[in-house]
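Here's work.txt, which has compact mmCIF, C-alpha atoms and all ligand atoms:
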# COMPACT_ATOMS: atom_id res chain seq x y z
CA MET A 854 -24.95 -119.08 65.92
CA LEU A 855 -21.84 -117.59 67.43
CA ASP A 856 -21.89 -113.80 67.53
CA GLU A 857 -18.29 -113.32 66.42
CA VAL A 858 -18.60 -115.59 63.40
CA ARG A 859 -21.31 -114.90 60.82
CA LYS A 860 -19.61 -115.30 57.49
CA VAL A 861 -17.13 -118.02 56.60
CA ALA A 862 -15.02 -119.08 53.65
CA VAL A 863 -14.17 -122.69 52.85
CA ILE A 864 -11.13 -123.13 50.60
CA GLY A 865 -11.15 -126.37 48.64
CA ALA A 866 -14.52 -127.80 47.58
CA GLY A 867 -13.45 -131.47 47.50
CA MET A 868 -14.57 -134.40 49.59
CA MET A 869 -14.24 -132.52 52.91
CA GLY A 870 -14.69 -128.87 51.85
CA HIS A 871 -18.12 -129.25 50.27
CA GLY A 872 -19.39 -131.10 53.35
CA ILE A 873 -17.97 -128.50 55.74
CA ALA A 874 -19.58 -125.69 53.70
CA GLN A 875 -22.90 -127.53 53.88
CA VAL A 876 -22.73 -127.91 57.68
CA PHE A 877 -22.16 -124.16 58.12
CA ALA A 878 -24.94 -123.27 55.66
CA MET A 879 -27.39 -125.61 57.39
CA ARG A 880 -26.73 -123.73 60.63
CA GLY A 881 -27.46 -120.35 59.05
CA TYR A 882 -23.94 -119.12 58.21
CA GLU A 883 -23.17 -117.34 54.95
CA VAL A 884 -20.50 -119.40 53.16
CA ASN A 885 -18.11 -118.58 50.34
CA LEU A 886 -16.86 -121.79 48.76
CA LEU A 887 -13.56 -121.47 46.90
CA ASP A 888 -11.80 -123.75 44.46
CA ILE A 889 -9.60 -123.51 41.41
CA SER A 890 -12.18 -124.08 38.68
CA GLU A 891 -15.85 -123.39 37.97
CA ASP A 892 -16.26 -126.99 36.98
CA ILE A 893 -15.11 -128.34 40.37
CA LEU A 894 -17.38 -125.84 42.10
CA ARG A 895 -20.34 -126.90 39.98
CA LYS A 896 -19.80 -130.52 41.00
CA ALA A 897 -19.39 -129.51 44.65
CA MET A 898 -22.69 -127.60 44.56
CA GLN A 899 -24.38 -130.62 42.97
CA ASN A 900 -23.01 -132.83 45.75
CA ILE A 901 -24.30 -130.41 48.38
CA GLU A 902 -27.71 -130.30 46.72
CA TRP A 903 -27.82 -134.11 46.63
CA SER A 904 -26.83 -134.36 50.30
CA LEU A 905 -29.38 -131.74 51.37
CA GLY A 906 -31.97 -133.73 49.43
CA LYS A 907 -31.09 -136.80 51.51
CA PHE A 908 -31.62 -134.81 54.72
CA VAL A 909 -35.06 -133.79 53.43
CA GLU A 910 -35.89 -137.35 52.32
CA LYS A 911 -35.02 -138.63 55.80
CA LYS A 912 -37.16 -135.87 57.30
CA ARG A 913 -34.24 -134.41 59.19
CA ILE A 914 -34.82 -130.96 57.67
CA ARG A 915 -37.61 -129.24 55.75
CA ARG A 916 -37.37 -128.64 52.00
CA GLU A 917 -37.45 -124.84 52.48
CA ASP A 918 -34.57 -125.04 54.98
CA ALA A 919 -32.56 -127.12 52.51
CA ASP A 920 -33.21 -124.54 49.78
CA ALA A 921 -32.26 -121.71 52.13
CA ALA A 922 -29.04 -123.52 53.10
CA LEU A 923 -28.10 -123.99 49.46
CA SER A 924 -28.74 -120.33 48.70
CA ARG A 925 -26.37 -119.31 51.52
CA ILE A 926 -23.39 -120.94 49.73
CA LYS A 927 -21.64 -118.74 47.16
CA PRO A 928 -19.17 -120.59 44.96
CA THR A 929 -16.22 -118.55 43.69
CA ILE A 930 -12.75 -118.89 42.21
CA SER A 931 -11.70 -115.44 43.42
CA TYR A 932 -9.77 -115.09 46.66
CA GLU A 933 -10.73 -111.41 46.90
CA ALA A 934 -14.43 -112.20 46.69
CA GLY A 935 -14.06 -115.35 48.76
CA VAL A 936 -12.17 -114.23 51.84
CA GLY A 937 -12.33 -110.42 51.67
CA ASN A 938 -15.04 -109.95 54.29
CA VAL A 939 -15.32 -113.17 56.32
CA ASP A 940 -14.85 -113.88 60.03
CA LEU A 941 -13.41 -117.37 59.56
CA VAL A 942 -11.52 -119.19 56.82
CA ILE A 943 -11.39 -122.99 56.72
CA GLU A 944 -8.72 -124.45 54.50
CA ALA A 945 -9.46 -127.93 53.06
CA VAL A 946 -7.10 -128.27 50.09
CA PRO A 947 -4.94 -131.38 49.47
CA GLU A 948 -2.55 -132.50 52.20
CA LYS A 949 0.58 -130.68 50.93
CA MET A 950 2.42 -128.29 53.22
CA ASP A 951 3.75 -126.01 50.45
CA LEU A 952 0.27 -125.55 49.02
CA LYS A 953 -1.28 -124.93 52.43
CA LYS A 954 1.40 -122.39 53.38
CA LYS A 955 0.89 -120.55 50.11
CA ILE A 956 -2.84 -120.38 50.74
CA PHE A 957 -2.43 -119.22 54.35
CA SER A 958 -0.06 -116.49 53.22
CA THR A 959 -2.45 -115.32 50.47
CA VAL A 960 -5.51 -115.43 52.73
CA ASP A 961 -3.65 -113.52 55.47
CA LYS A 962 -3.18 -110.58 53.09
CA ILE A 963 -6.83 -110.46 52.01
CA ALA A 964 -8.95 -111.54 54.98
CA PRO A 965 -9.95 -108.93 57.60
CA PRO A 966 -7.47 -108.65 60.51
CA HIS A 967 -9.94 -110.16 63.00
CA ALA A 968 -10.54 -113.30 60.92
CA ILE A 969 -9.50 -116.67 62.29
CA LEU A 970 -7.80 -119.05 59.85
CA VAL A 971 -8.10 -122.79 60.42
CA SER A 972 -6.85 -125.86 58.61
CA ASN A 973 -8.61 -129.19 58.22
CA THR A 974 -5.26 -130.97 57.89
CA SER A 975 -5.12 -134.55 59.20
CA THR A 976 -1.39 -134.63 59.87
CA LEU A 977 0.51 -131.45 59.04
CA SER A 978 1.88 -128.80 61.40
CA ILE A 979 -0.55 -126.03 62.32
CA SER A 980 2.34 -123.96 63.72
CA GLU A 981 4.10 -124.04 60.36
CA MET A 982 0.96 -122.79 58.62
CA GLY A 983 0.64 -120.08 61.28
CA GLU A 984 4.20 -118.94 60.54
CA ALA A 985 3.18 -118.29 56.92
CA THR A 986 0.86 -115.54 58.22
CA SER A 987 1.19 -112.33 60.21
CA ARG A 988 -1.40 -113.67 62.72
CA PRO A 989 -0.18 -117.06 64.05
CA ASP A 990 -2.23 -116.42 67.22
CA LYS A 991 -5.37 -116.62 65.06
CA VAL A 992 -4.38 -119.85 63.26
CA ALA A 993 -5.59 -123.22 64.56
CA GLY A 994 -6.47 -126.72 63.48
CA MET A 995 -10.10 -127.66 62.98
CA HIS A 996 -9.96 -131.30 61.97
CA TRP A 997 -13.30 -132.66 60.76
CA PHE A 998 -14.17 -136.27 60.14
CA ASN A 999 -15.53 -137.73 56.94
CA PRO A 1000 -18.34 -137.14 56.01
CA PRO A 1001 -18.57 -133.78 57.84
CA GLN A 1002 -22.36 -133.67 57.41
CA LEU A 1003 -22.77 -136.83 59.51
CA MET A 1004 -19.72 -137.12 61.75
CA ASN A 1005 -20.03 -135.24 65.01
CA LEU A 1006 -16.41 -135.02 66.07
CA ILE A 1007 -14.03 -132.10 65.54
CA GLU A 1008 -10.41 -132.11 66.77
CA VAL A 1009 -9.43 -128.55 67.67
CA VAL A 1010 -5.66 -128.19 67.48
CA LYS A 1011 -3.54 -125.59 69.21
CA GLY A 1012 -0.46 -124.50 67.27
CA ASP A 1013 2.62 -123.22 69.14
CA LYS A 1014 1.39 -119.63 68.88
CA THR A 1015 -2.39 -120.11 68.80
CA SER A 1016 -4.03 -117.93 71.45
CA GLN A 1017 -6.43 -119.32 74.03
CA GLU A 1018 -9.02 -116.86 72.71
CA THR A 1019 -8.83 -118.44 69.25
CA ILE A 1020 -9.14 -121.95 70.72
CA ASP A 1021 -12.13 -120.89 72.83
CA LYS A 1022 -13.84 -119.44 69.75
CA ILE A 1023 -13.30 -122.56 67.64
CA ILE A 1024 -14.57 -124.76 70.46
CA ALA A 1025 -17.66 -122.58 70.92
CA LEU A 1026 -18.21 -122.50 67.16
CA SER A 1027 -17.94 -126.31 66.88
CA LYS A 1028 -20.59 -126.63 69.57
CA ALA A 1029 -22.80 -124.05 67.82
CA LEU A 1030 -22.58 -126.25 64.72
CA GLY A 1031 -23.93 -129.17 66.75
CA LYS A 1032 -20.56 -130.95 66.84
CA THR A 1033 -18.49 -132.28 69.73
CA PRO A 1034 -15.03 -130.68 69.86
CA ILE A 1035 -12.06 -132.32 71.57
CA LEU A 1036 -8.94 -130.32 72.31
CA CYS A 1037 -5.53 -131.36 71.06
CA LYS A 1038 -3.40 -129.17 73.35
CA LYS A 1039 -0.23 -129.49 71.28
CA ASP A 1040 0.56 -129.48 67.59
CA ALA A 1041 1.60 -133.15 67.74
CA ARG A 1042 1.54 -135.23 64.55
CA GLY A 1043 -1.53 -137.40 64.13
CA PHE A 1044 -3.32 -135.27 66.74
CA ILE A 1045 -5.43 -137.64 68.88
CA VAL A 1046 -7.59 -140.04 66.90
CA ASN A 1047 -5.16 -140.90 64.09
CA ARG A 1048 -2.42 -141.59 66.61
CA VAL A 1049 -4.45 -144.20 68.50
CA LEU A 1050 -5.83 -145.62 65.27
CA GLY A 1051 -2.32 -145.76 63.76
CA GLN A 1052 -1.20 -148.06 66.57
CA VAL A 1053 -4.05 -150.55 66.24
CA PHE A 1054 -3.57 -150.63 62.46
CA ASN A 1055 0.16 -151.29 62.89
CA GLU A 1056 -0.43 -154.05 65.45
CA ALA A 1057 -2.88 -155.77 63.10
CA PHE A 1058 -0.65 -155.34 60.03
CA TRP A 1059 2.36 -156.83 61.84
CA ALA A 1060 0.31 -159.74 63.24
CA TYR A 1061 -0.95 -160.49 59.72
CA HIS A 1062 2.54 -160.09 58.24
CA ARG A 1063 4.01 -162.52 60.77
CA GLY A 1064 1.33 -165.04 59.79
CA GLU A 1065 -0.29 -165.08 63.22
CA ALA A 1066 -3.79 -164.57 61.82
CA SER A 1067 -5.48 -164.01 58.48
CA MET A 1068 -6.70 -160.59 57.45
CA GLU A 1069 -10.31 -161.71 57.62
CA GLY A 1070 -9.65 -163.50 60.92
CA ILE A 1071 -8.33 -160.29 62.47
CA ASP A 1072 -11.33 -158.34 61.17
CA ALA A 1073 -13.82 -161.00 62.32
CA SER A 1074 -12.29 -160.97 65.81
CA ILE A 1075 -12.35 -157.16 66.01
CA LYS A 1076 -15.94 -156.97 64.77
CA TYR A 1077 -17.68 -159.92 66.36
CA THR A 1078 -15.61 -160.55 69.48
CA GLY A 1079 -14.44 -156.98 70.09
CA GLY A 1080 -17.72 -155.25 69.21
CA PHE A 1081 -16.07 -152.66 66.95
CA PRO A 1082 -18.15 -151.55 63.94
CA MET A 1083 -15.50 -152.60 61.40
CA GLY A 1084 -12.36 -154.71 61.34
CA TRP A 1085 -9.04 -152.84 61.00
CA PHE A 1086 -8.40 -153.91 57.39
CA GLU A 1087 -11.96 -153.06 56.41
CA LEU A 1088 -11.68 -149.67 58.13
CA CYS A 1089 -8.35 -149.01 56.43
CA ASP A 1090 -10.01 -149.71 53.05
CA PHE A 1091 -12.76 -147.32 54.03
CA VAL A 1092 -10.34 -144.54 55.06
CA GLY A 1093 -8.24 -145.05 51.92
CA LEU A 1094 -4.96 -146.98 51.83
CA ASP A 1095 -3.09 -143.98 50.42
CA ILE A 1096 -4.21 -141.83 53.36
CA ALA A 1097 -3.47 -144.55 55.95
CA TYR A 1098 -0.03 -145.14 54.38
CA GLU A 1099 0.81 -141.43 54.39
CA VAL A 1100 -0.37 -140.95 57.99
CA GLY A 1101 1.59 -144.06 59.01
CA ASN A 1102 4.77 -142.59 57.54
CA VAL A 1103 4.21 -139.22 59.20
CA LEU A 1104 3.73 -140.93 62.58
CA TYR A 1105 6.91 -142.98 62.04
CA GLN A 1106 8.89 -139.82 61.23
CA ALA A 1107 7.48 -138.03 64.27
CA TYR A 1108 7.68 -140.75 66.93
CA GLY A 1109 10.26 -143.23 65.59
CA GLU A 1110 10.34 -146.95 66.34
CA ARG A 1111 7.10 -146.97 68.34
CA PHE A 1112 5.31 -146.37 65.05
CA LYS A 1113 7.39 -148.65 62.82
CA PRO A 1114 5.03 -149.21 59.89
CA CYS A 1115 4.54 -152.62 58.31
CA SER A 1116 5.24 -151.38 54.80
CA GLU A 1117 5.26 -154.92 53.38
CA VAL A 1118 1.51 -155.14 53.93
CA ILE A 1119 0.25 -151.76 52.73
CA GLU A 1120 2.86 -150.38 50.31
CA PRO A 1121 2.41 -152.91 47.46
CA LEU A 1122 -1.33 -152.24 47.39
CA VAL A 1123 -0.83 -148.46 47.33
CA LYS A 1124 1.66 -148.85 44.45
CA GLN A 1125 -0.88 -150.95 42.53
CA GLY A 1126 -3.54 -148.27 43.02
CA LYS A 1127 -5.61 -150.55 45.24
CA LEU A 1128 -6.58 -147.71 47.51
CA GLY A 1129 -9.62 -149.26 49.18
CA GLN A 1130 -13.33 -148.67 48.84
CA LYS A 1131 -12.98 -145.58 46.62
CA ALA A 1132 -10.93 -147.60 44.10
CA GLY A 1133 -13.25 -150.64 44.20
CA GLY A 1134 -10.63 -152.66 46.05
CA GLY A 1135 -7.83 -152.57 48.61
CA PHE A 1136 -7.37 -155.28 51.20
CA TYR A 1137 -10.83 -156.49 50.13
CA ASP A 1138 -12.80 -156.44 46.91
CA TRP A 1139 -15.41 -153.68 47.20
CA SER A 1140 -16.78 -153.97 43.66
CA LYS A 1141 -19.94 -155.63 44.97
CA GLY A 1142 -20.27 -153.50 48.09
CA ARG A 1143 -19.06 -153.97 51.64
CA PRO A 1144 -17.05 -157.18 52.17
CA ARG A 1145 -18.68 -159.98 54.12
CA ILE A 1146 -16.51 -160.95 57.07
CA ARG A 1147 -17.11 -164.53 58.21
CA PHE A 1148 -18.26 -164.93 61.79
CA GLU A 1149 -16.56 -168.35 62.05
CA LEU A 1150 -13.15 -166.67 62.14
CA SER A 1151 -13.91 -164.49 65.14
CA ASP A 1152 -11.43 -166.09 67.54
CA GLU A 1153 -8.38 -166.04 65.24
CA TYR A 1154 -6.95 -162.87 66.79
CA ASP A 1155 -6.64 -161.70 70.39
CA VAL A 1156 -8.58 -158.41 70.53
CA GLU A 1157 -6.84 -157.51 73.81
CA ARG A 1158 -3.75 -156.82 71.71
CA SER A 1159 -5.49 -153.98 69.91
CA TRP A 1160 -6.74 -152.58 73.19
CA ALA A 1161 -3.27 -152.83 74.76
CA VAL A 1162 -1.53 -150.74 72.08
CA ALA A 1163 -4.44 -148.27 72.03
CA VAL A 1164 -4.21 -147.79 75.81
CA ASN A 1165 -0.45 -147.40 75.54
CA GLU A 1166 -0.78 -144.64 72.93
CA ALA A 1167 -3.47 -142.95 75.02
CA ALA A 1168 -0.98 -142.95 77.91
CA TRP A 1169 1.66 -141.30 75.68
CA LEU A 1170 -0.87 -138.61 74.68
CA ILE A 1171 -1.58 -137.89 78.35
CA GLN A 1172 2.07 -138.03 79.42
CA GLU A 1173 3.03 -135.55 76.68
CA ASP A 1174 0.11 -133.31 77.74
CA VAL A 1175 -1.44 -133.49 74.27
CA ALA A 1176 -4.86 -134.66 75.45
CA ASP A 1177 -6.96 -135.58 78.48
CA PRO A 1178 -8.49 -139.05 78.94
CA GLU A 1179 -12.00 -137.65 78.25
CA SER A 1180 -10.89 -136.17 74.92
CA ILE A 1181 -9.19 -139.39 73.86
CA ASP A 1182 -12.19 -141.53 74.76
CA THR A 1183 -14.66 -139.13 73.13
CA GLY A 1184 -12.45 -138.97 70.04
CA MET A 1185 -12.32 -142.74 69.56
CA LYS A 1186 -16.04 -143.18 70.22
CA LEU A 1187 -17.25 -140.38 67.94
CA GLY A 1188 -14.45 -140.39 65.36
CA THR A 1189 -14.29 -144.15 64.80
CA ALA A 1190 -17.41 -145.47 66.60
CA TRP A 1191 -15.44 -147.56 69.10
CA PRO A 1192 -17.68 -149.20 71.69
CA MET A 1193 -15.55 -147.68 74.46
CA GLY A 1194 -12.59 -145.33 74.74
CA PRO A 1195 -9.15 -146.80 75.52
CA CYS A 1196 -8.93 -145.07 78.93
CA GLU A 1197 -12.38 -146.33 79.91
CA TYR A 1198 -11.39 -149.79 78.73
CA ALA A 1199 -8.15 -149.81 80.74
CA ASP A 1200 -9.90 -148.68 83.89
CA LYS A 1201 -12.50 -151.41 83.51
CA LYS A 1202 -10.04 -154.16 82.61
CA GLY A 1203 -7.36 -153.12 85.08
CA ILE A 1204 -4.26 -151.14 84.13
CA ASP A 1205 -2.05 -153.90 85.61
CA ILE A 1206 -3.65 -156.42 83.21
CA VAL A 1207 -3.06 -154.12 80.24
CA ILE A 1208 0.60 -153.69 81.25
CA GLN A 1209 0.96 -157.47 81.55
CA LYS A 1210 -0.37 -157.86 78.01
CA LEU A 1211 2.03 -155.22 76.69
CA GLU A 1212 5.00 -156.83 78.46
CA GLU A 1213 4.07 -160.26 77.16
CA LEU A 1214 3.93 -158.89 73.59
CA TYR A 1215 7.17 -156.94 74.06
CA LYS A 1216 8.92 -160.12 75.22
CA ARG A 1217 7.61 -162.06 72.23
CA PHE A 1218 8.23 -159.52 69.48
CA GLY A 1219 10.66 -156.95 70.91
CA MET A 1220 8.87 -154.07 69.18
CA GLU A 1221 8.70 -150.60 70.71
CA MET A 1222 4.94 -150.32 70.20
CA TYR A 1223 4.55 -152.83 73.03
CA SER A 1224 6.93 -151.14 75.45
CA PRO A 1225 4.69 -149.77 78.24
CA CYS A 1226 4.59 -145.97 78.44
CA PRO A 1227 6.28 -144.65 81.64
CA LEU A 1228 2.94 -143.14 82.68
CA LEU A 1229 1.37 -146.61 82.88
CA LYS A 1230 4.27 -147.79 85.04
CA GLU A 1231 3.74 -144.78 87.29
CA TYR A 1232 0.05 -145.66 87.64
CA LEU A 1233 1.08 -149.21 88.56
CA THR A 1234 3.46 -147.95 91.26
CA ASN A 1235 0.71 -145.68 92.63
CA ARG A 1236 -1.77 -148.58 92.52
CA TRP A 1237 -3.95 -146.53 90.16
CA LEU A 1238 -5.21 -149.66 88.47
CA GLY A 1239 -8.65 -148.49 87.41
CA LYS A 1240 -12.12 -148.96 88.84
CA LYS A 1241 -11.02 -151.71 91.22
CA THR A 1242 -8.71 -149.37 93.15
CA GLY A 1243 -10.88 -146.25 92.79
CA ARG A 1244 -8.40 -144.47 90.52
CA GLY A 1245 -6.93 -145.11 87.09
CA PHE A 1246 -7.11 -142.77 84.12
CA TYR A 1247 -10.24 -141.51 85.86
CA GLN A 1248 -11.18 -141.11 89.50
CA TYR A 1249 -14.09 -143.24 90.82
N1 LIG B 1301 -10.79 -137.21 53.04
C1 LIG B 1301 -10.84 -137.40 54.34
O1 LIG B 1301 -11.35 -138.44 54.83
C2 LIG B 1301 -10.29 -136.36 55.27
C3 LIG B 1301 -10.69 -136.36 56.61
C4 LIG B 1301 -10.22 -135.35 57.46
C5 LIG B 1301 -9.35 -134.40 56.97
N2 LIG B 1301 -8.96 -134.44 55.65
C6 LIG B 1301 -8.06 -133.38 55.17
O2 LIG B 1301 -8.83 -132.42 54.46
C7 LIG B 1301 -8.05 -131.82 53.42
C8 LIG B 1301 -8.78 -131.98 52.10
O3 LIG B 1301 -8.99 -133.35 51.85
P1 LIG B 1301 -10.05 -133.86 50.78
O4 LIG B 1301 -10.13 -135.34 50.95
O5 LIG B 1301 -11.28 -133.05 50.85
O6 LIG B 1301 -9.28 -133.52 49.41
P2 LIG B 1301 -9.88 -133.38 47.93
O7 LIG B 1301 -8.75 -133.69 47.02
O8 LIG B 1301 -11.14 -134.16 47.80
O9 LIG B 1301 -10.26 -131.83 47.81
C9 LIG B 1301 -9.33 -130.79 47.78
C10 LIG B 1301 -9.88 -129.66 46.93
O10 LIG B 1301 -8.99 -128.56 47.02
C11 LIG B 1301 -8.96 -127.92 45.75
N3 LIG B 1301 -7.77 -127.09 45.62
C12 LIG B 1301 -6.50 -127.45 45.27
N4 LIG B 1301 -5.71 -126.37 45.25
C13 LIG B 1301 -6.46 -125.30 45.57
C14 LIG B 1301 -6.21 -123.91 45.70
N5 LIG B 1301 -5.00 -123.41 45.49
N6 LIG B 1301 -7.23 -123.08 46.05
C15 LIG B 1301 -8.48 -123.59 46.25
N7 LIG B 1301 -8.76 -124.91 46.15
C16 LIG B 1301 -7.78 -125.75 45.81
C17 LIG B 1301 -9.00 -129.08 44.78
O11 LIG B 1301 -9.39 -128.66 43.48
C18 LIG B 1301 -10.03 -129.99 45.45
O12 LIG B 1301 -11.33 -129.72 45.01
C19 LIG B 1301 -6.69 -132.48 53.49
O13 LIG B 1301 -5.84 -131.71 54.26
C20 LIG B 1301 -6.99 -133.81 54.18
O14 LIG B 1301 -5.87 -134.32 54.85
C21 LIG B 1301 -9.42 -135.38 54.79
As structure tokens, the full file:
Amino acid sequence: MLDEVRKVAVIGAGMMGHGIAQVFAMRGYEVNLLDISEDILRKAMQNIEWSLGKFVEKKRIRREDADAALSRIKPTISYEAGVGNVDLVIEAVPEKMDLKKKIFSTVDKIAPPHAILVSNTSTLSISEMGEATSRPDKVAGMHWFNPPQLMNLIEVVKGDKTSQETIDKIIALSKALGKTPILCKKDARGFIVNRVLGQVFNEAFWAYHRGEASMEGIDASIKYTGGFPMGWFELCDFVGLDIAYEVGNVLYQAYGERFKPCSEVIEPLVKQGKLGQKAGGGFYDWSKGRPRIRFELSDEYDVERSWAVAVNEAAWLIQEDVADPESIDTGMKLGTAWPMGPCEYADKKGIDIVIQKLEELYKRFGMEMYSPCPLLKEYLTNRWLGKKTGRGFYQY
């Protein structure tokens, strides 16, 4: 455990909040779990109990440790009781800026002055939430992945006024929880993982929309030829089409044409309520479990196209000083189980080859997502082409 943080509050006991509370409790922290009704809290506690039971069943923890973890979580609907004497507050309420700002402002007035306040937001501005408080230096992003009990990655996000001390504490805390933190050095929309993922989704959606490959053909190629754990459409169903759609729009607003979304593919499904796995159907029918993707279709789509746009977005992240190559690669491997990070891939393949692929696609389709990032061009000029020249994203 980290000395400075002993007691935490998690606000919002939904899909993410209950899991985050459980992770802290399993590591010995006292947790206050806040929501708006007793009924929601009861369900959250039942979910935690069920999940702890699974850990016991799989012999990952002992029954008495599970019981002790559960007893460390105190559900409450009172902000005074919830955040009055904690060292850290984690906000995990729905993705609405007005609501989050209201909560940050309330918490700021009640929590002790030393307490750090973090948000689990996937897309919204940490700096804006910080401005709703009198302690923006102690406000940061702590973006967990779903389900928090099993996913090891945490994106730690620095807002405009977040102090280095706060960032250091959240990084140390993430490690103390057994997680791997990656640092997002700027409060840039989509942070790291969703930005790279947003590009490969867009590339696949546009390819499908143009009739270049079938949905299943793209997924078969990604899975069986590319060695990714899921195809992009299947993964999008898993994430939730409403979430992917919303993130796609936020990225488009933030970065413009490079993130032009293919609304024709996703919007109609969102409007029909076909939100993916959680709704029993999205791109695929999930009513009978995970869709079966046919192996025979695994050469319908050129997987190098996904890699090319992923590498390009990684280059933008580095050029804008949002993230280092190590953080990007770790993020994609732990956050989405990619077989390799985009920077590692580019260095192995050759950065010149990746640029060629991007230029070929740009010539064919004229879309900004294929326009090579200036940083890649700079690497080409310097002959930093990857492993073969001893220097690329990494030094060899
Ligand atoms: N679901 C994911 O896969 C995922 C992954 C990473 C990050 N996130 C982010 O985590 C946050 C929460 O997402 P979620 O999927 O857990 O949402 P959710 O809808 O499952 O849970 C949100 C909870 O917040 C509660 N809540 C609403 N207003 C509140 C208030 N004023 N005070 C206290 N509690 C309140 C709700 O009752 C609900 O239980 C969002 O910002 C989301 O973007 C989600």
Taking only residues of chain A that have an atom at most 7 Å from an atom of ligand LIG 1301 (chain B), what is each one's shortest atom pair and its distance in Å to one decimal, using all atoms listed in the file, in chain and number order, as a tab-separated table?
residue	atom	partner	partner_atom	distance
A:Ile864	CA	B:LIG1301	C15	5.1
A:Gly865	CA	B:LIG1301	O10	3.5
A:Ala866	CA	B:LIG1301	O12	4.5
A:Gly867	CA	B:LIG1301	O9	3.2
A:Met868	CA	B:LIG1301	O5	3.8
A:Met869	CA	B:LIG1301	O5	3.6
A:Gly870	CA	B:LIG1301	O5	5.5
A:Leu887	CA	B:LIG1301	C15	5.5
A:Asp888	CA	B:LIG1301	N7	3.7
A:Ile889	CA	B:LIG1301	C15	5.0
A:Ile893	CA	B:LIG1301	O12	6.1
A:Ala945	CA	B:LIG1301	C7	4.2
A:Val946	CA	B:LIG1301	O10	3.6
A:Pro947	CA	B:LIG1301	C19	4.5
A:Glu948	CA	B:LIG1301	O13	4.0
A:Leu952	CA	B:LIG1301	N5	6.7
A:Ile956	CA	B:LIG1301	N5	6.4
A:Asn973	CA	B:LIG1301	O2	5.0
A:Thr974	CA	B:LIG1301	O13	3.7
A:Ser975	CA	B:LIG1301	O14	4.4
A:Thr976	CA	B:LIG1301	O14	6.7
A:His996	CA	B:LIG1301	C5	5.9
A:Trp997	CA	B:LIG1301	C4	5.3
A:Phe998	CA	B:LIG1301	C4	4.9
A:Asn999	CA	B:LIG1301	O1	4.7
A:Val1092	CA	B:LIG1301	O1	6.2
*Selection: 12 Å around Glu1056 in chain A, all atoms listed in the file, excl. self and same-chain fewer than 5 positions, as a ChimeraX atom specification*: /A:1049-1051,1061-1063,1065-1066,1071,1085-1086,1111-1115,1118,1154-1163,1211,1214-1215,1218,1220-1223
_Pairwise distance for CA of Lys1038 in chain A and CA of Ala1176 in chain A, rounded to one decimal in Å_ = 6.1 Å
*Find the residue from A:Ile1206, A:Leu1026, A:Ala897, A:Leu1228 that sits nearest to Asp1174 in chain A; use only C-alpha atoms when measuring.*
A:Leu1228
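When all atoms listed in the file are used to compute distances to Trp1169 in chain A, the closest of the residues A:Glu1069, A:Tyr1077, A:Ala1041, A:Arg1236 turns out to be A:Ala1041.
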